[in-house]
$ cat upload.txt   # compact mmCIF, C-alpha atoms
# COMPACT_ATOMS: atom_id res chain seq x y z
CA MET Z 1 96.65 96.42 59.40
CA ALA Z 2 96.96 93.29 57.34
CA GLY Z 3 100.35 91.58 57.00
CA PRO Z 4 101.56 88.56 55.06
CA GLY Z 5 99.01 85.79 55.44
CA ARG Z 6 96.74 87.98 57.57
CA ALA Z 7 93.20 89.06 56.87
CA SER Z 8 92.41 92.72 56.25
CA GLU Z 9 90.85 94.88 58.94
CA GLU Z 10 87.45 94.39 57.28
CA GLY Z 11 88.01 90.65 57.19
CA LEU Z 12 88.95 90.51 60.86
CA ILE Z 13 85.88 92.51 61.84
CA ALA Z 14 83.59 90.30 59.78
CA ARG Z 15 85.15 87.08 61.08
CA TYR Z 16 85.63 87.82 64.79
CA PHE Z 17 83.57 90.81 65.86
CA ALA Z 18 80.48 91.09 63.65
CA PRO Z 19 79.01 87.99 65.38
CA LEU Z 20 79.13 89.96 68.67
CA ALA Z 21 77.23 92.96 67.31
CA GLY Z 22 73.95 94.02 68.87
CA PRO Z 23 70.84 95.75 67.53
CA GLY Z 24 71.64 99.12 66.01
CA ALA Z 25 75.14 98.06 64.97
CA ASP Z 26 74.12 96.89 61.46
CA GLY Z 27 76.48 93.93 61.70
CA LEU Z 28 79.42 96.37 62.05
CA ARG Z 29 79.05 97.24 58.35
CA ASP Z 30 78.67 100.98 59.00
CA ASP Z 31 80.85 103.64 60.64
CA ALA Z 32 78.38 104.31 63.47
CA ALA Z 33 75.64 102.59 65.44
CA THR Z 34 72.39 103.73 67.01
CA LEU Z 35 71.44 103.29 70.66
CA THR Z 36 68.00 104.30 71.90
CA PRO Z 37 67.58 104.57 75.69
CA THR Z 38 64.58 102.95 77.29
CA PRO Z 39 61.88 105.65 77.64
CA GLY Z 40 62.35 107.59 80.87
CA HIS Z 41 65.98 106.53 81.27
CA ASP Z 42 69.32 108.35 81.20
CA LEU Z 43 72.37 107.02 79.41
CA VAL Z 44 75.45 106.37 81.58
CA VAL Z 45 78.79 106.29 79.74
CA THR Z 46 82.23 105.15 80.90
CA ALA Z 47 85.56 104.36 79.21
CA ASP Z 48 88.67 102.48 80.33
CA ALA Z 49 91.60 100.96 78.49
CA VAL Z 50 93.98 98.15 79.39
CA VAL Z 51 97.54 98.09 78.05
CA ALA Z 52 99.93 95.14 77.84
CA GLY Z 53 102.68 95.45 80.41
CA ILE Z 54 100.71 97.99 82.45
CA HIS Z 55 97.30 96.50 83.25
CA TYR Z 56 98.00 92.90 82.31
CA PHE Z 57 100.97 90.69 81.52
CA PRO Z 58 101.70 90.26 77.81
CA ASP Z 59 101.60 86.48 78.21
CA ASP Z 60 98.18 86.44 79.88
CA ALA Z 61 95.67 84.28 78.07
CA PRO Z 62 93.76 86.30 75.45
CA GLY Z 63 90.46 85.28 77.02
CA SER Z 64 91.58 86.70 80.37
CA VAL Z 65 92.57 89.96 78.68
CA ALA Z 66 89.13 90.16 77.06
CA ARG Z 67 87.38 89.54 80.39
CA LYS Z 68 89.45 92.25 82.08
CA ALA Z 69 88.95 94.83 79.32
CA LEU Z 70 85.17 94.49 79.43
CA GLY Z 71 84.91 93.76 83.15
CA VAL Z 72 86.60 96.92 84.40
CA ASN Z 73 84.07 98.98 82.46
CA LEU Z 74 81.09 96.91 83.55
CA SER Z 75 82.26 97.48 87.13
CA ASP Z 76 82.04 101.26 86.67
CA ILE Z 77 78.53 100.94 85.26
CA ALA Z 78 77.41 98.72 88.15
CA ALA Z 79 78.66 101.25 90.71
CA LYS Z 80 76.41 103.90 89.16
CA GLY Z 81 73.35 101.73 89.70
CA ALA Z 82 73.10 101.24 85.93
CA VAL Z 83 72.51 98.27 83.66
CA PRO Z 84 74.69 97.80 80.54
CA ARG Z 85 73.34 98.39 77.04
CA GLY Z 86 76.34 98.01 74.75
CA PHE Z 87 79.99 98.88 74.16
CA LEU Z 88 82.51 100.17 71.64
CA LEU Z 89 85.87 98.43 71.26
CA THR Z 90 89.15 100.02 70.20
CA LEU Z 91 91.70 97.31 69.55
CA ALA Z 92 95.28 98.44 68.91
CA LEU Z 93 97.39 95.38 68.14
CA PRO Z 94 101.19 94.98 68.32
CA ASP Z 95 103.19 94.01 65.27
CA ASP Z 96 103.43 90.38 66.38
CA TRP Z 97 99.69 89.78 66.77
CA THR Z 98 98.31 86.46 65.55
CA GLU Z 99 94.89 85.35 64.42
CA ASP Z 100 94.95 82.57 67.01
CA TRP Z 101 95.28 85.24 69.74
CA LEU Z 102 92.54 87.34 68.18
CA ALA Z 103 90.18 84.38 67.78
CA ALA Z 104 90.54 83.41 71.46
CA PHE Z 105 90.16 87.05 72.54
CA ALA Z 106 87.00 87.52 70.49
CA ALA Z 107 85.46 84.23 71.64
CA GLU Z 108 85.83 85.07 75.34
CA LEU Z 109 84.80 88.68 74.76
CA GLY Z 110 81.61 87.36 73.20
CA ARG Z 111 80.91 85.10 76.16
CA ALA Z 112 81.51 87.92 78.65
CA ALA Z 113 79.34 90.31 76.68
CA ALA Z 114 76.52 87.78 76.44
CA GLN Z 115 76.63 87.12 80.19
CA ALA Z 116 76.36 90.86 80.86
CA ARG Z 117 73.73 91.38 78.13
CA CYS Z 118 76.03 94.02 76.69
CA PRO Z 119 76.49 93.63 72.92
CA LEU Z 120 79.23 95.13 70.78
CA LEU Z 121 78.11 98.27 68.93
CA GLY Z 122 81.26 99.16 66.99
CA GLY Z 123 84.80 100.42 67.36
CA ASP Z 124 88.12 100.45 65.58
CA THR Z 125 90.96 98.03 64.89
CA VAL Z 126 94.44 99.41 64.28
CA ARG Z 127 98.12 98.56 64.69
CA SER Z 128 99.59 100.07 67.87
CA GLY Z 129 103.24 100.39 66.91
CA GLY Z 130 103.95 99.30 70.47
CA PRO Z 131 102.19 97.15 73.09
CA ALA Z 132 98.61 96.00 72.68
CA LEU Z 133 95.94 98.40 73.89
CA ILE Z 134 92.28 97.46 74.34
CA GLY Z 135 89.95 100.39 74.92
CA VAL Z 136 86.28 99.96 75.81
CA SER Z 137 83.61 102.66 75.91
CA LEU Z 138 80.54 101.24 77.60
CA PHE Z 139 76.98 102.51 77.67
CA GLY Z 140 74.47 101.77 80.40
CA GLU Z 141 71.22 103.29 81.55
CA VAL Z 142 69.35 104.19 84.72
CA PRO Z 143 65.83 105.46 85.32
CA GLY Z 144 65.93 109.22 84.86
CA GLY Z 145 67.73 111.10 87.63
CA THR Z 146 68.69 108.01 89.65
CA ILE Z 147 72.41 107.65 88.89
CA VAL Z 148 74.40 106.96 92.08
CA ARG Z 149 77.19 109.52 92.23
CA ARG Z 150 80.63 109.06 93.77
CA THR Z 151 80.91 112.22 95.87
CA THR Z 152 77.53 112.42 97.60
CA ALA Z 153 78.28 110.59 100.86
CA ARG Z 154 76.96 112.28 104.01
CA VAL Z 155 78.53 112.58 107.45
CA GLY Z 156 77.26 109.71 109.59
CA ASP Z 157 76.70 107.37 106.65
CA ARG Z 158 77.91 103.84 107.02
CA ILE Z 159 80.58 102.65 104.58
CA CYS Z 160 80.18 99.24 102.93
CA VAL Z 161 82.06 97.06 100.47
CA SER Z 162 80.93 94.09 98.45
CA GLY Z 163 82.69 90.75 98.29
CA THR Z 164 86.23 90.58 99.61
CA ILE Z 165 89.13 93.03 99.48
CA GLY Z 166 92.78 92.54 98.53
CA ASP Z 167 92.64 89.28 96.59
CA ALA Z 168 93.66 90.84 93.28
CA ALA Z 169 96.56 92.75 94.85
CA LEU Z 170 97.81 89.52 96.40
CA GLY Z 171 97.29 87.74 93.08
CA LEU Z 172 99.58 90.30 91.44
CA ARG Z 173 102.19 89.91 94.20
CA LEU Z 174 101.97 86.15 93.75
CA ARG Z 175 102.66 86.61 90.05
CA LEU Z 176 105.66 88.84 90.78
CA GLU Z 177 106.97 86.88 93.81
CA PRO Z 178 106.00 83.23 93.22
CA ASP Z 179 108.75 81.96 95.51
CA ALA Z 180 108.05 84.28 98.46
CA ALA Z 181 107.72 82.59 101.84
CA TRP Z 182 104.11 83.70 102.23
CA ALA Z 183 103.26 82.26 98.81
CA ALA Z 184 104.78 78.92 99.76
CA ALA Z 185 102.41 78.82 102.75
CA LEU Z 186 99.38 78.72 100.45
CA ASP Z 187 98.10 75.48 99.02
CA PRO Z 188 97.47 75.35 95.25
CA ALA Z 189 93.73 76.00 95.62
CA LEU Z 190 94.29 79.23 97.54
CA ARG Z 191 96.96 80.37 95.11
CA ALA Z 192 94.49 79.76 92.29
CA VAL Z 193 91.87 81.93 94.01
CA LEU Z 194 94.25 84.88 94.22
CA ALA Z 195 95.48 84.44 90.65
CA ASP Z 196 91.91 84.30 89.35
CA ARG Z 197 90.86 87.46 91.18
CA TYR Z 198 93.75 89.38 89.61
CA LEU Z 199 93.03 88.09 86.10
CA HIS Z 200 89.23 88.23 86.06
CA PRO Z 201 87.23 91.14 87.50
CA ARG Z 202 83.78 90.28 88.82
CA PRO Z 203 81.61 93.30 88.00
CA ARG Z 204 78.80 93.49 90.56
CA LEU Z 205 76.00 94.19 88.11
CA ALA Z 206 73.47 92.46 90.33
CA LEU Z 207 73.91 95.24 92.92
CA ALA Z 208 72.69 98.02 90.62
CA LEU Z 209 69.07 98.10 91.79
CA ALA Z 210 70.02 97.91 95.48
CA LEU Z 211 72.45 100.81 95.06
CA ARG Z 212 69.85 102.97 93.32
CA ARG Z 213 67.30 102.33 96.04
CA HIS Z 214 69.46 102.66 99.14
CA ALA Z 215 73.02 104.00 98.62
CA SER Z 216 73.94 107.65 99.06
CA ALA Z 217 77.18 107.31 97.05
CA ALA Z 218 79.10 104.55 95.28
CA MET Z 219 82.14 103.75 93.16
CA ASP Z 220 84.07 100.64 92.29
CA VAL Z 221 87.33 99.76 94.00
CA SER Z 222 89.83 99.75 91.17
CA ASP Z 223 92.77 101.63 92.72
CA GLY Z 224 92.73 100.22 96.25
CA LEU Z 225 90.28 100.53 99.13
CA ALA Z 226 92.20 103.23 101.01
CA GLY Z 227 92.86 105.40 97.98
CA ASP Z 228 89.43 105.06 96.42
CA LEU Z 229 87.72 105.80 99.73
CA ALA Z 230 89.77 109.01 100.00
CA LYS Z 231 88.68 109.97 96.47
CA MET Z 232 85.05 109.27 97.32
CA LEU Z 233 85.05 111.46 100.43
CA GLY Z 234 86.94 114.49 99.14
CA ALA Z 235 87.42 117.67 101.17
CA GLY Z 236 85.57 118.18 104.44
CA ARG Z 237 84.81 114.51 105.04
CA SER Z 238 86.88 111.58 106.19
CA ALA Z 239 86.19 108.15 107.62
CA ARG Z 240 86.99 105.75 110.41
CA ILE Z 241 87.40 102.22 109.13
CA GLU Z 242 87.39 99.15 111.37
CA THR Z 243 90.25 97.23 109.77
CA SER Z 244 89.10 93.98 111.36
CA SER Z 245 85.76 94.39 109.57
CA VAL Z 246 87.26 94.60 106.08
CA PRO Z 247 86.08 91.36 104.45
CA LEU Z 248 88.83 88.93 103.47
CA SER Z 249 88.71 85.71 101.51
CA GLY Z 250 90.10 82.53 103.03
CA ALA Z 251 93.12 82.94 100.75
CA ALA Z 252 93.82 86.49 101.93
CA ALA Z 253 93.34 85.54 105.58
CA ARG Z 254 95.80 82.66 105.22
CA THR Z 255 98.27 85.01 103.54
CA LEU Z 256 98.07 87.41 106.50
CA GLU Z 257 98.75 84.57 108.91
CA ALA Z 258 101.95 83.85 106.98
CA GLN Z 259 102.99 87.51 106.55
CA PRO Z 260 100.98 90.08 108.57
CA ASP Z 261 102.57 93.13 106.94
CA LEU Z 262 100.79 92.31 103.69
CA ILE Z 263 97.77 94.06 105.20
CA ASP Z 264 99.13 97.20 103.49
CA ALA Z 265 98.91 95.53 100.08
CA ILE Z 266 95.39 94.34 100.85
CA LEU Z 267 94.15 97.81 101.84
CA THR Z 268 95.94 99.81 99.14
CA GLY Z 269 96.42 97.46 96.17
CA GLY Z 270 94.35 97.78 93.01
CA ASP Z 271 92.08 95.64 90.85
CA ASP Z 272 89.50 94.52 93.42
CA TYR Z 273 86.56 95.75 91.29
CA GLU Z 274 84.24 95.46 94.24
CA ILE Z 275 81.63 98.10 95.08
CA LEU Z 276 82.41 100.72 97.72
CA CYS Z 277 79.29 102.56 98.86
CA THR Z 278 77.82 104.68 101.63
CA VAL Z 279 74.37 104.40 103.09
CA ALA Z 280 72.33 106.19 105.74
CA PRO Z 281 72.31 104.15 108.99
CA GLU Z 282 68.56 103.62 108.78
CA GLU Z 283 68.95 102.18 105.26
CA LEU Z 284 71.85 99.85 106.04
CA GLU Z 285 69.89 96.69 106.75
CA ALA Z 286 67.67 97.20 103.72
CA LEU Z 287 70.74 97.58 101.51
CA ARG Z 288 72.39 94.50 102.97
CA ALA Z 289 69.19 92.47 102.56
CA ALA Z 290 68.86 93.57 98.93
CA ALA Z 291 72.50 92.68 98.28
CA ALA Z 292 72.03 89.27 99.89
CA ALA Z 293 68.95 88.66 97.74
CA ALA Z 294 71.13 89.43 94.71
CA GLY Z 295 73.67 86.85 95.91
CA ILE Z 296 76.40 89.37 96.81
CA PRO Z 297 77.72 89.79 100.38
CA LEU Z 298 77.97 93.39 101.56
CA THR Z 299 79.93 94.31 104.69
CA ALA Z 300 79.81 97.50 106.76
CA ILE Z 301 83.38 98.56 107.54
CA GLY Z 302 83.20 102.11 108.91
CA THR Z 303 81.53 105.51 109.12
CA VAL Z 304 81.86 108.84 107.30
CA THR Z 305 83.15 111.55 109.64
CA ALA Z 306 83.21 115.37 109.53
CA SER Z 307 86.93 116.04 109.24
CA ASP Z 308 89.72 116.52 106.71
CA GLY Z 309 92.55 114.15 105.95
CA PRO Z 310 92.74 110.60 104.65
CA PRO Z 311 90.55 107.86 106.14
CA GLY Z 312 91.80 106.32 109.36
CA PHE Z 313 92.06 102.55 109.65
CA GLU Z 314 91.65 101.43 113.26
CA THR Z 315 93.77 98.44 114.25
CA GLY Z 316 93.10 95.88 116.94
CA ASP Z 317 95.39 97.60 119.46
CA GLY Z 318 93.50 100.90 119.23
CA ALA Z 319 95.97 102.62 116.89
CA VAL Z 320 94.78 104.45 113.78
CA ARG Z 321 96.69 104.12 110.52
CA VAL Z 322 96.42 106.37 107.48
CA PHE Z 323 97.72 105.76 104.00
CA ALA Z 324 98.83 109.16 102.76
CA ALA Z 325 100.46 107.87 99.57
CA GLY Z 326 97.05 107.80 97.87
CA ALA Z 327 95.57 105.26 95.52
CA PHE Z 328 97.29 102.52 93.60
CA SER Z 329 98.04 103.86 90.12
CA HIS Z 330 98.01 102.12 86.75
CA PHE Z 331 99.40 105.27 85.09
$ encode --input "upload.txt" --output "structure tokens"
Amino acid sequence: MAGPGRASEEGLIARYFAPLAGPGADGLRDDAATLTPTPGHDLVVTADAVVAGIHYFPDDAPGSVARKALGVNLSDIAAKGAVPRGFLLTLALPDDWTEDWLAAFAAELGRAAAQARCPLLGGDTVRSGGPALIGVSLFGEVPGGTIVRRTTARVGDRICVSGTIGDAALGLRLRLEPDAAWAAALDPALRAVLADRYLHPRPRLALALALRRHASAAMDVSDGLAGDLAKMLGAGRSARIETSSVPLSGAAARTLEAQPDLIDAILTGGDDYEILCTVAPEELEALRAAAAAAGIPLTAIGTVTASDGPPGFETGDGAVRVFAAGAFSHF
């Protein structure tokens, strides 16, 4: 992978990534690492990749790219009620990569990994022959048999989401339509909120224990609330969602005041990386209290119903909307 004036692959690993290595990785000097689960625990494994021009803009700051690449995987682990243990990194670089970019990427990746207590265990560094691709395979663990599955919601369960919905989708629209009338209605602070939510996922790791104890099903919202909820429920179950209960940030609420039809983008757009979960009615308050104790707001937005078809979103005038197009897609 080395070019004129560039370090070799081994040199890059030693300089930028070996300092991020965790126990069992042998300083990234070997071709494999060891990872021993805590006694009585199951390993939980997930993998996601981000590609320049698809999942992020090629001119995004390298630190933001690093945060996104790790964060989207941490979000999956959190939704399973798991805690992170370590990750593998596949870094496929374009022909015009620079060591300045790589140094900034590695520095922020290290900070994000340290915050999540999720060290680097190994990986691969190659030339892509096209756009940059950053693939992460992340390992977590849960006490044996306690993983929170995606498809185990029950009829009558209440449906909850963490944080706020739609900020990242609006942040992307803001990036694509900076001169739109609705964007002009936002002051710089609100625009910054939306931009930050698109660039930097906030994996809800602090919710893991509460989900294990109280949730009947969970997943993260990566492809839009409406689409991911439909995937969670599957055949034979649907949902009624109170659209007015869907939690919005101040920035999203102000956006809707300026352009009400952006509610569709809020409900269907991707990259929220919040937790979507279901809970038995009698467990709802306990789950919300546990979430609050972890510093994460959790809002009940609807109920699982015994019917087929996509979830229905009830509007203030009594109408029910469905979004049949499915989830937002990064493919």
$ residues_around --input "upload.txt" --residues "range 272-288 of chain Z" --least-positions-apart "6" --cutoff "9 Å" --atoms "only C-alpha atoms" --output "PDB file with C-alpha atoms, in the coordinates of the input"
ATOM      1  CA  GLY Z  71      84.910  93.760  83.150  1.00  0.00           C
ATOM      2  CA  VAL Z  72      86.600  96.920  84.400  1.00  0.00           C
ATOM      3  CA  SER Z  75      82.260  97.480  87.130  1.00  0.00           C
ATOM      4  CA  ASP Z  76      82.040 101.260  86.670  1.00  0.00           C
ATOM      5  CA  ALA Z  78      77.410  98.720  88.150  1.00  0.00           C
ATOM      6  CA  ALA Z  79      78.660 101.250  90.710  1.00  0.00           C
ATOM      7  CA  ARG Z 150      80.630 109.060  93.770  1.00  0.00           C
ATOM      8  CA  THR Z 152      77.530 112.420  97.600  1.00  0.00           C
ATOM      9  CA  ALA Z 153      78.280 110.590 100.860  1.00  0.00           C
ATOM     10  CA  ARG Z 154      76.960 112.280 104.010  1.00  0.00           C
ATOM     11  CA  GLY Z 156      77.260 109.710 109.590  1.00  0.00           C
ATOM     12  CA  ASP Z 157      76.700 107.370 106.650  1.00  0.00           C
ATOM     13  CA  ARG Z 158      77.910 103.840 107.020  1.00  0.00           C
ATOM     14  CA  ILE Z 159      80.580 102.650 104.580  1.00  0.00           C
ATOM     15  CA  CYS Z 160      80.180  99.240 102.930  1.00  0.00           C
ATOM     16  CA  VAL Z 161      82.060  97.060 100.470  1.00  0.00           C
ATOM     17  CA  SER Z 162      80.930  94.090  98.450  1.00  0.00           C
ATOM     18  CA  GLY Z 163      82.690  90.750  98.290  1.00  0.00           C
ATOM     19  CA  THR Z 164      86.230  90.580  99.610  1.00  0.00           C
ATOM     20  CA  ILE Z 165      89.130  93.030  99.480  1.00  0.00           C
ATOM     21  CA  GLY Z 166      92.780  92.540  98.530  1.00  0.00           C
ATOM     22  CA  ASP Z 167      92.640  89.280  96.590  1.00  0.00           C
ATOM     23  CA  ALA Z 168      93.660  90.840  93.280  1.00  0.00           C
ATOM     24  CA  ALA Z 169      96.560  92.750  94.850  1.00  0.00           C
ATOM     25  CA  ARG Z 197      90.860  87.460  91.180  1.00  0.00           C
ATOM     26  CA  TYR Z 198      93.750  89.380  89.610  1.00  0.00           C
ATOM     27  CA  PRO Z 201      87.230  91.140  87.500  1.00  0.00           C
ATOM     28  CA  ARG Z 202      83.780  90.280  88.820  1.00  0.00           C
ATOM     29  CA  PRO Z 203      81.610  93.300  88.000  1.00  0.00           C
ATOM     30  CA  ARG Z 204      78.800  93.490  90.560  1.00  0.00           C
ATOM     31  CA  LEU Z 207      73.910  95.240  92.920  1.00  0.00           C
ATOM     32  CA  ALA Z 210      70.020  97.910  95.480  1.00  0.00           C
ATOM     33  CA  LEU Z 211      72.450 100.810  95.060  1.00  0.00           C
ATOM     34  CA  ARG Z 213      67.300 102.330  96.040  1.00  0.00           C
ATOM     35  CA  HIS Z 214      69.460 102.660  99.140  1.00  0.00           C
ATOM     36  CA  ALA Z 215      73.020 104.000  98.620  1.00  0.00           C
ATOM     37  CA  SER Z 216      73.940 107.650  99.060  1.00  0.00           C
ATOM     38  CA  ALA Z 217      77.180 107.310  97.050  1.00  0.00           C
ATOM     39  CA  ALA Z 218      79.100 104.550  95.280  1.00  0.00           C
ATOM     40  CA  MET Z 219      82.140 103.750  93.160  1.00  0.00           C
ATOM     41  CA  ASP Z 220      84.070 100.640  92.290  1.00  0.00           C
ATOM     42  CA  VAL Z 221      87.330  99.760  94.000  1.00  0.00           C
ATOM     43  CA  SER Z 222      89.830  99.750  91.170  1.00  0.00           C
ATOM     44  CA  ASP Z 223      92.770 101.630  92.720  1.00  0.00           C
ATOM     45  CA  GLY Z 224      92.730 100.220  96.250  1.00  0.00           C
ATOM     46  CA  LEU Z 225      90.280 100.530  99.130  1.00  0.00           C
ATOM     47  CA  ASP Z 228      89.430 105.060  96.420  1.00  0.00           C
ATOM     48  CA  LEU Z 229      87.720 105.800  99.730  1.00  0.00           C
ATOM     49  CA  MET Z 232      85.050 109.270  97.320  1.00  0.00           C
ATOM     50  CA  ILE Z 296      76.400  89.370  96.810  1.00  0.00           C
ATOM     51  CA  PRO Z 297      77.720  89.790 100.380  1.00  0.00           C
ATOM     52  CA  LEU Z 298      77.970  93.390 101.560  1.00  0.00           C
ATOM     53  CA  THR Z 299      79.930  94.310 104.690  1.00  0.00           C
ATOM     54  CA  ALA Z 300      79.810  97.500 106.760  1.00  0.00           C
ATOM     55  CA  THR Z 303      81.530 105.510 109.120  1.00  0.00           C
ATOM     56  CA  VAL Z 304      81.860 108.840 107.300  1.00  0.00           C
TER      57      VAL Z 304
END
$ atom_distance --input "upload.txt" --atom1 "CA of Val148 in chain Z" --atom2 "CA of Ala82 in chain Z"
8.5 Å
$ closest_residue --input "upload.txt" --among "Z:Gly81, Z:Ile241, Z:Ala184, Z:Pro247" --to "Thr315 in chain Z" --atoms "all atoms listed in the file"
Z:Ile241
$ closest_residue --input "upload.txt" --among "Z:Ala47, Z:Ala239, Z:Ala192, Z:Leu138" --to "Val320 in chain Z" --atoms "all atoms listed in the file"
Z:Ala239
$ closest_residue --input "upload.txt" --among "Z:Ala18, Z:Ala32, Z:Pro84, Z:Arg127" --to "Ala107 in chain Z" --atoms "only C-alpha atoms"
Z:Ala18
$ atom_distance --input "upload.txt" --atom1 "CA of Pro94 in chain Z" --atom2 "CA of Leu172 in chain Z"
23.6 Å
$ atom_distance --input "upload.txt" --atom1 "CA of Gly144 in chain Z" --atom2 "CA of Gly40 in chain Z"
5.6 Å
$ closest_residue --input "upload.txt" --among "Z:Asp196, Z:Asp48, Z:Asp264, Z:Glu177" --to "Gly227 in chain Z" --atoms "all atoms listed in the file"
Z:Asp264
$ closest_residue --input "upload.txt" --among "Z:Ala294, Z:Val155, Z:Ala258, Z:Ile266" --to "Ser238 in chain Z" --atoms "only C-alpha atoms"
Z:Val155
$ residues_near_point --input "upload.txt" --point "(85.5, 99.3, 77.2)" --cutoff "12 Å" --atoms "all atoms listed in the file" --output "PyMOL selection string"
chain Z and resi 45-50+65-77+84+86-91+109+113+118-124+133-140
$ closest_residue --input "upload.txt" --among "Z:Gly63, Z:Gly236, Z:Gly27, Z:Gly22" --to "Arg117 in chain Z" --atoms "all atoms listed in the file"
Z:Gly22
$ axis_aligned_box --input "upload.txt" --around "range 224-228 of chain Z" --padding-each-side "3 Å" --output "lines of an AutoDock Vina configuration file"
center_x = 91.1
center_y = 102.8
center_z = 98.6
size_x = 9.4
size_y = 11.2
size_z = 10.8
$ residues_around --input "upload.txt" --residues "Ala252 in chain Z" --least-positions-apart "3" --cutoff "8 Å" --atoms "all atoms listed in the file" --output "list in words"
Gly166, Asp167, Leu170, Leu194, Leu248, Ser249, Thr255 and Leu256 of chain Z
$ residues_near_point --input "upload.txt" --point "(92.0, 85.6, 63.5)" --cutoff "8 Å" --atoms "all atoms listed in the file" --output "ChimeraX atom specification"
/Z:6-7,12,15-16,98-103
$ build_atoms --input "upload.txt" --residues "range 196-211 of chain Z" --atoms "N, CA and C atoms" --output "mmCIF file, keeping the file's coordinate frame"
data_model
loop_
_atom_site.group_PDB
_atom_site.id
_atom_site.type_symbol
_atom_site.label_atom_id
_atom_site.label_comp_id
_atom_site.auth_asym_id
_atom_site.auth_seq_id
_atom_site.Cartn_x
_atom_site.Cartn_y
_atom_site.Cartn_z
ATOM 1 N N ASP Z 196 93.148 84.069 90.098
ATOM 2 C CA ASP Z 196 91.910 84.300 89.350
ATOM 3 C C ASP Z 196 91.345 85.685 89.619
ATOM 4 N N ARG Z 197 91.407 86.146 90.872
ATOM 5 C CA ARG Z 197 90.860 87.460 91.180
ATOM 6 C C ARG Z 197 91.657 88.577 90.508
ATOM 7 N N TYR Z 198 92.963 88.380 90.327
ATOM 8 C CA TYR Z 198 93.750 89.380 89.610
ATOM 9 C C TYR Z 198 93.408 89.371 88.114
ATOM 10 N N LEU Z 199 93.241 88.201 87.544
ATOM 11 C CA LEU Z 199 93.030 88.090 86.100
ATOM 12 C C LEU Z 199 91.620 88.467 85.680
ATOM 13 N N HIS Z 200 90.623 88.167 86.511
ATOM 14 C CA HIS Z 200 89.230 88.230 86.060
ATOM 15 C C HIS Z 200 88.367 89.048 87.008
ATOM 16 N N PRO Z 201 88.152 90.320 86.692
ATOM 17 C CA PRO Z 201 87.230 91.140 87.500
ATOM 18 C C PRO Z 201 85.846 90.508 87.555
ATOM 19 N N ARG Z 202 85.145 90.777 88.646
ATOM 20 C CA ARG Z 202 83.780 90.280 88.820
ATOM 21 C C ARG Z 202 82.841 91.479 88.970
ATOM 22 N N PRO Z 203 82.462 92.108 87.878
ATOM 23 C CA PRO Z 203 81.610 93.300 88.000
ATOM 24 C C PRO Z 203 80.301 92.968 88.704
ATOM 25 N N ARG Z 204 79.944 93.786 89.694
ATOM 26 C CA ARG Z 204 78.800 93.490 90.560
ATOM 27 C C ARG Z 204 77.518 94.088 89.994
ATOM 28 N N LEU Z 205 77.165 93.659 88.777
ATOM 29 C CA LEU Z 205 76.000 94.190 88.110
ATOM 30 C C LEU Z 205 74.712 93.908 88.871
ATOM 31 N N ALA Z 206 74.682 92.815 89.605
ATOM 32 C CA ALA Z 206 73.470 92.460 90.330
ATOM 33 C C ALA Z 206 73.169 93.420 91.479
ATOM 34 N N LEU Z 207 74.136 94.273 91.842
ATOM 35 C CA LEU Z 207 73.910 95.240 92.920
ATOM 36 C C LEU Z 207 73.275 96.546 92.446
ATOM 37 N N ALA Z 208 73.113 96.724 91.141
ATOM 38 C CA ALA Z 208 72.690 98.020 90.620
ATOM 39 C C ALA Z 208 71.385 98.512 91.234
ATOM 40 N N LEU Z 209 70.375 97.672 91.269
ATOM 41 C CA LEU Z 209 69.070 98.100 91.790
ATOM 42 C C LEU Z 209 69.168 98.445 93.269
ATOM 43 N N ALA Z 210 69.874 97.637 94.048
ATOM 44 C CA ALA Z 210 70.020 97.910 95.480
ATOM 45 C C ALA Z 210 70.721 99.235 95.716
ATOM 46 N N LEU Z 211 71.738 99.540 94.914
ATOM 47 C CA LEU Z 211 72.450 100.810 95.060
ATOM 48 C C LEU Z 211 71.518 101.981 94.756
#
